[in-house]
Amino acid sequence: MFETHEQARVRHPFFVLEEGARRWAYISQTSNDEWFFVTYATVGQAGSSQQQFMISKVQFLLDLASRDTPEQFIHEVQLVSPPWLNQKGNWLMEPVREIQTVDERVCYELMDGQVYPSTLLGQTRETLWSKRAMGDE
């Protein structure tokens with residue numbers, strides 16, 4: 001989960017915010033778990049716009065995806081993975097093709113074909129979310 005701290009709150013934002021919204025100079029994450037950087041698109045007659053969400057858990061991402069419509073939808077998901085998951089020695093942010101399960105474990109198929117965790121490569125996986133289903137690939 002992400003945390004916010006009062007000292008990071010931006011007291012005087014440059015423009016008016018929606019009712020109940022707050023601006024933060026930074027947020028923190030106390031766990032060493034993967035999270036998602038999601039680009040969410042809104043399309044209408046007046047044009048289109050995008051905003052980004054930082055989502056801490058797979059279930060929260062799937063909940064957002066379940067509300068997709070032709071006018072508002074997830075445009076892109078990037079996995080922000082810790083070294084223990086990606087086996088590369090650093091935190092990485094990489095575009096996701098599919099989120100899947102093997103038994104009870106979640107795995108990620110990236111756009112370049114890599115699978116995290118790699119121990120699940122070659123096993124039968126069930127798709128929870130797919131960029132392919134969006135027709136953008």
# chains A, B, ... in the order shown; residues from 1 in each chain; ligands from 1
call {"tool": "select_by_dssp", "arguments": {"residues": "chain A", "states": "strand (DSSP E)", "output": "number ranges by chain"}}
result
A: 2-3, 28-29, 35-44, 47-55, 72-81, 92-102, 105-110, 115-116, 126-130
call {"tool": "residues_around", "arguments": {"residues": "A:Leu79", "least_positions_apart": "4", "cutoff": "8 Å", "atoms": "only C-alpha atoms", "output": "list in words"}}
result
Glu34, Trp35, Phe36, Phe37, Leu92, Met93, Glu94, Pro95 and Val96 of chain A
call {"tool": "residues_around", "arguments": {"residues": "A:Trp84", "least_positions_apart": "6", "cutoff": "12 Å", "atoms": "only C-alpha atoms", "output": "list in words"}}
result
Asn32, Asp33, Glu34, Asn90, Trp91, Leu92, Tyr116, Pro117 and Ser118 of chain A
call {"tool": "write_last_selection", "arguments": {"atoms": "N, CA and C atoms", "output": "PDB file, in the first residue's frame"}}
result
ATOM      1  N   ASN A  32       7.896  -4.161   0.083  1.00  0.00           N
ATOM      2  CA  ASN A  32       8.836  -4.396  -1.006  1.00  0.00           C
ATOM      3  C   ASN A  32       8.144  -5.197  -2.109  1.00  0.00           C
ATOM      4  N   ASP A  33       6.907  -4.802  -2.431  1.00  0.00           N
ATOM      5  CA  ASP A  33       6.089  -5.531  -3.394  1.00  0.00           C
ATOM      6  C   ASP A  33       5.947  -4.761  -4.700  1.00  0.00           C
ATOM      7  N   GLU A  34       5.575  -5.494  -5.743  1.00  0.00           N
ATOM      8  CA  GLU A  34       5.304  -4.867  -7.032  1.00  0.00           C
ATOM      9  C   GLU A  34       4.081  -3.960  -6.931  1.00  0.00           C
ATOM     10  N   ASN A  90      17.565  -4.502  -9.802  1.00  0.00           N
ATOM     11  CA  ASN A  90      17.027  -3.147  -9.639  1.00  0.00           C
ATOM     12  C   ASN A  90      15.510  -3.173  -9.761  1.00  0.00           C
ATOM     13  N   TRP A  91      14.889  -2.119  -9.263  1.00  0.00           N
ATOM     14  CA  TRP A  91      13.466  -1.914  -9.542  1.00  0.00           C
ATOM     15  C   TRP A  91      13.336  -1.573 -11.020  1.00  0.00           C
ATOM     16  N   LEU A  92      12.322  -2.134 -11.685  1.00  0.00           N
ATOM     17  CA  LEU A  92      12.078  -1.873 -13.103  1.00  0.00           C
ATOM     18  C   LEU A  92      10.615  -1.509 -13.322  1.00  0.00           C
ATOM     19  N   TYR A 116       7.100 -12.869 -15.166  1.00  0.00           N
ATOM     20  CA  TYR A 116       7.509 -12.751 -13.762  1.00  0.00           C
ATOM     21  C   TYR A 116       6.421 -13.355 -12.898  1.00  0.00           C
ATOM     22  N   PRO A 117       6.748 -14.163 -11.918  1.00  0.00           N
ATOM     23  CA  PRO A 117       8.072 -14.723 -11.684  1.00  0.00           C
ATOM     24  C   PRO A 117       8.413 -15.777 -12.736  1.00  0.00           C
ATOM     25  N   SER A 118       9.687 -15.834 -13.071  1.00  0.00           N
ATOM     26  CA  SER A 118      10.133 -16.713 -14.160  1.00  0.00           C
ATOM     27  C   SER A 118       9.907 -18.188 -13.843  1.00  0.00           C
TER      28      SER A 118
END
call {"tool": "select_by_dssp", "arguments": {"residues": "stretch 44-130 of chain A", "states": "helix (DSSP H, G or I)", "output": "ChimeraX atom specification"}}
result
/A:58-65,83-86,118-120
call {"tool": "write_last_selection", "arguments": {"atoms": "C-alpha atoms", "output": "short mmCIF file (atom, residue, chain, number, x, y, z; two decimals), in the first residue's frame"}}
result
data_model
loop_
_atom_site.label_atom_id
_atom_site.label_comp_id
_atom_site.auth_asym_id
_atom_site.auth_seq_id
_atom_site.Cartn_x
_atom_site.Cartn_y
_atom_site.Cartn_z
CA VAL A 58 -3.52 -6.56 -8.42
CA GLN A 59 -7.07 -6.66 -7.07
CA PHE A 60 -7.35 -2.86 -7.15
CA LEU A 61 -6.15 -2.88 -10.77
CA LEU A 62 -8.66 -5.58 -11.73
CA ASP A 63 -11.44 -3.62 -10.00
CA LEU A 64 -10.56 -0.55 -12.10
CA ALA A 65 -10.40 -2.66 -15.28
CA PRO A 83 14.56 -7.03 -7.76
CA TRP A 84 13.30 -10.19 -6.03
CA LEU A 85 10.56 -10.48 -8.68
CA ASN A 86 12.39 -9.44 -11.85
CA SER A 118 10.13 -16.71 -14.16
CA THR A 119 9.51 -19.94 -12.20
CA LEU A 120 5.96 -19.91 -13.65
#
call {"tool": "residues_around", "arguments": {"residues": "stretch 2-11 of chain A", "least_positions_apart": "5", "cutoff": "7 Å", "atoms": "only C-alpha atoms", "output": "NGL selection string"}}
result
:A and (23-29 or 56)
call {"tool": "atom_distance", "arguments": {"atom1": "atom CA of A:Gly44", "atom2": "atom CA of A:Arg67"}}
result
16.6 Å
call {"tool": "residues_around", "arguments": {"residues": "A:Ile99", "least_positions_apart": "5", "cutoff": "7 Å", "atoms": "only C-alpha atoms", "output": "NGL selection string"}}
result
:A and (107-109 or 127-130)
call {"tool": "write_last_selection", "arguments": {"atoms": "N, CA and C atoms", "output": "PDB file, in the first residue's frame"}}
result
ATOM      1  N   CYS A 107       0.974 -13.997 -11.928  1.00  0.00           N
ATOM      2  CA  CYS A 107       2.166 -13.793 -12.744  1.00  0.00           C
ATOM      3  C   CYS A 107       1.869 -12.753 -13.818  1.00  0.00           C
ATOM      4  N   TYR A 108       2.932 -12.199 -14.366  1.00  0.00           N
ATOM      5  CA  TYR A 108       2.837 -11.100 -15.315  1.00  0.00           C
ATOM      6  C   TYR A 108       3.576 -11.475 -16.587  1.00  0.00           C
ATOM      7  N   GLU A 109       2.894 -11.379 -17.714  1.00  0.00           N
ATOM      8  CA  GLU A 109       3.550 -11.532 -19.010  1.00  0.00           C
ATOM      9  C   GLU A 109       3.765 -10.131 -19.550  1.00  0.00           C
ATOM     10  N   THR A 127      -5.796 -16.200 -17.653  1.00  0.00           N
ATOM     11  CA  THR A 127      -5.711 -14.751 -17.821  1.00  0.00           C
ATOM     12  C   THR A 127      -6.740 -14.031 -16.955  1.00  0.00           C
ATOM     13  N   LEU A 128      -6.247 -13.028 -16.202  1.00  0.00           N
ATOM     14  CA  LEU A 128      -7.111 -12.154 -15.407  1.00  0.00           C
ATOM     15  C   LEU A 128      -7.372 -10.828 -16.122  1.00  0.00           C
ATOM     16  N   TRP A 129      -6.348 -10.321 -16.817  1.00  0.00           N
ATOM     17  CA  TRP A 129      -6.447  -9.066 -17.569  1.00  0.00           C
ATOM     18  C   TRP A 129      -5.510  -9.182 -18.758  1.00  0.00           C
ATOM     19  N   SER A 130      -5.914  -8.600 -19.892  1.00  0.00           N
ATOM     20  CA  SER A 130      -5.090  -8.691 -21.088  1.00  0.00           C
ATOM     21  C   SER A 130      -5.130  -7.403 -21.889  1.00  0.00           C
TER      22      SER A 130
END
call {"tool": "residues_around", "arguments": {"residues": "A:Phe73", "least_positions_apart": "4", "cutoff": "10 Å", "atoms": "only C-alpha atoms", "output": "PyMOL selection string"}}
result
chain A and resi 39-43+50+64-69+134
call {"tool": "write_last_selection", "arguments": {"atoms": "N, CA and C atoms", "output": "compact mmCIF listing (two decimals), in the first residue's frame"}}
result
# COMPACT_ATOMS: atom_id res chain seq x y z
N THR A 39 -2.04 4.01 -17.05
CA THR A 39 -2.55 5.15 -17.82
C THR A 39 -4.00 4.87 -18.16
N TYR A 40 -4.86 5.79 -17.72
CA TYR A 40 -6.31 5.65 -17.88
C TYR A 40 -6.78 6.72 -18.85
N ALA A 41 -7.49 6.32 -19.88
CA ALA A 41 -7.91 7.24 -20.94
C ALA A 41 -9.40 7.54 -20.83
N THR A 42 -9.73 8.78 -21.17
CA THR A 42 -11.11 9.22 -21.29
C THR A 42 -11.27 9.81 -22.68
N VAL A 43 -12.27 9.32 -23.44
CA VAL A 43 -12.49 9.76 -24.81
C VAL A 43 -13.92 10.26 -24.93
N GLN A 50 -5.78 11.75 -20.69
CA GLN A 50 -5.23 10.61 -19.96
C GLN A 50 -4.80 11.07 -18.58
N LEU A 64 -10.51 -1.68 -11.17
CA LEU A 64 -10.56 -0.55 -12.10
C LEU A 64 -10.86 -1.05 -13.51
N ALA A 65 -10.20 -2.12 -13.94
CA ALA A 65 -10.40 -2.66 -15.28
C ALA A 65 -11.84 -3.14 -15.49
N SER A 66 -12.47 -3.60 -14.45
CA SER A 66 -13.85 -4.11 -14.58
C SER A 66 -14.84 -2.99 -14.90
N ARG A 67 -14.43 -1.75 -14.71
CA ARG A 67 -15.30 -0.60 -14.99
C ARG A 67 -15.01 0.03 -16.36
N ASP A 68 -14.12 -0.58 -17.15
CA ASP A 68 -13.81 -0.04 -18.48
C ASP A 68 -15.06 0.08 -19.34
N THR A 69 -15.14 1.19 -20.07
CA THR A 69 -16.18 1.40 -21.07
C THR A 69 -15.48 1.89 -22.33
N MET A 134 -7.98 -5.55 -25.29
CA MET A 134 -8.31 -4.16 -25.56
C MET A 134 -8.12 -3.81 -27.02
call {"tool": "closest_residue", "arguments": {"among": "A:His12, A:Arg132, A:Arg97, A:Arg105", "to": "A:Val77", "atoms": "only C-alpha atoms"}}
result
A:Arg97
call {"tool": "closest_residue", "arguments": {"among": "A:Gly47, A:Ile55, A:Glu126, A:Gln78", "to": "A:Thr101", "atoms": "only C-alpha atoms"}}
result
A:Glu126
call {"tool": "closest_residue", "arguments": {"among": "A:Val106, A:Gln45, A:Ala21, A:Gly113", "to": "A:Lys57", "atoms": "only C-alpha atoms"}}
result
A:Val106
call {"tool": "atom_distance", "arguments": {"atom1": "atom CA of A:Val115", "atom2": "atom CA of A:Gln51"}}
result
26.8 Å
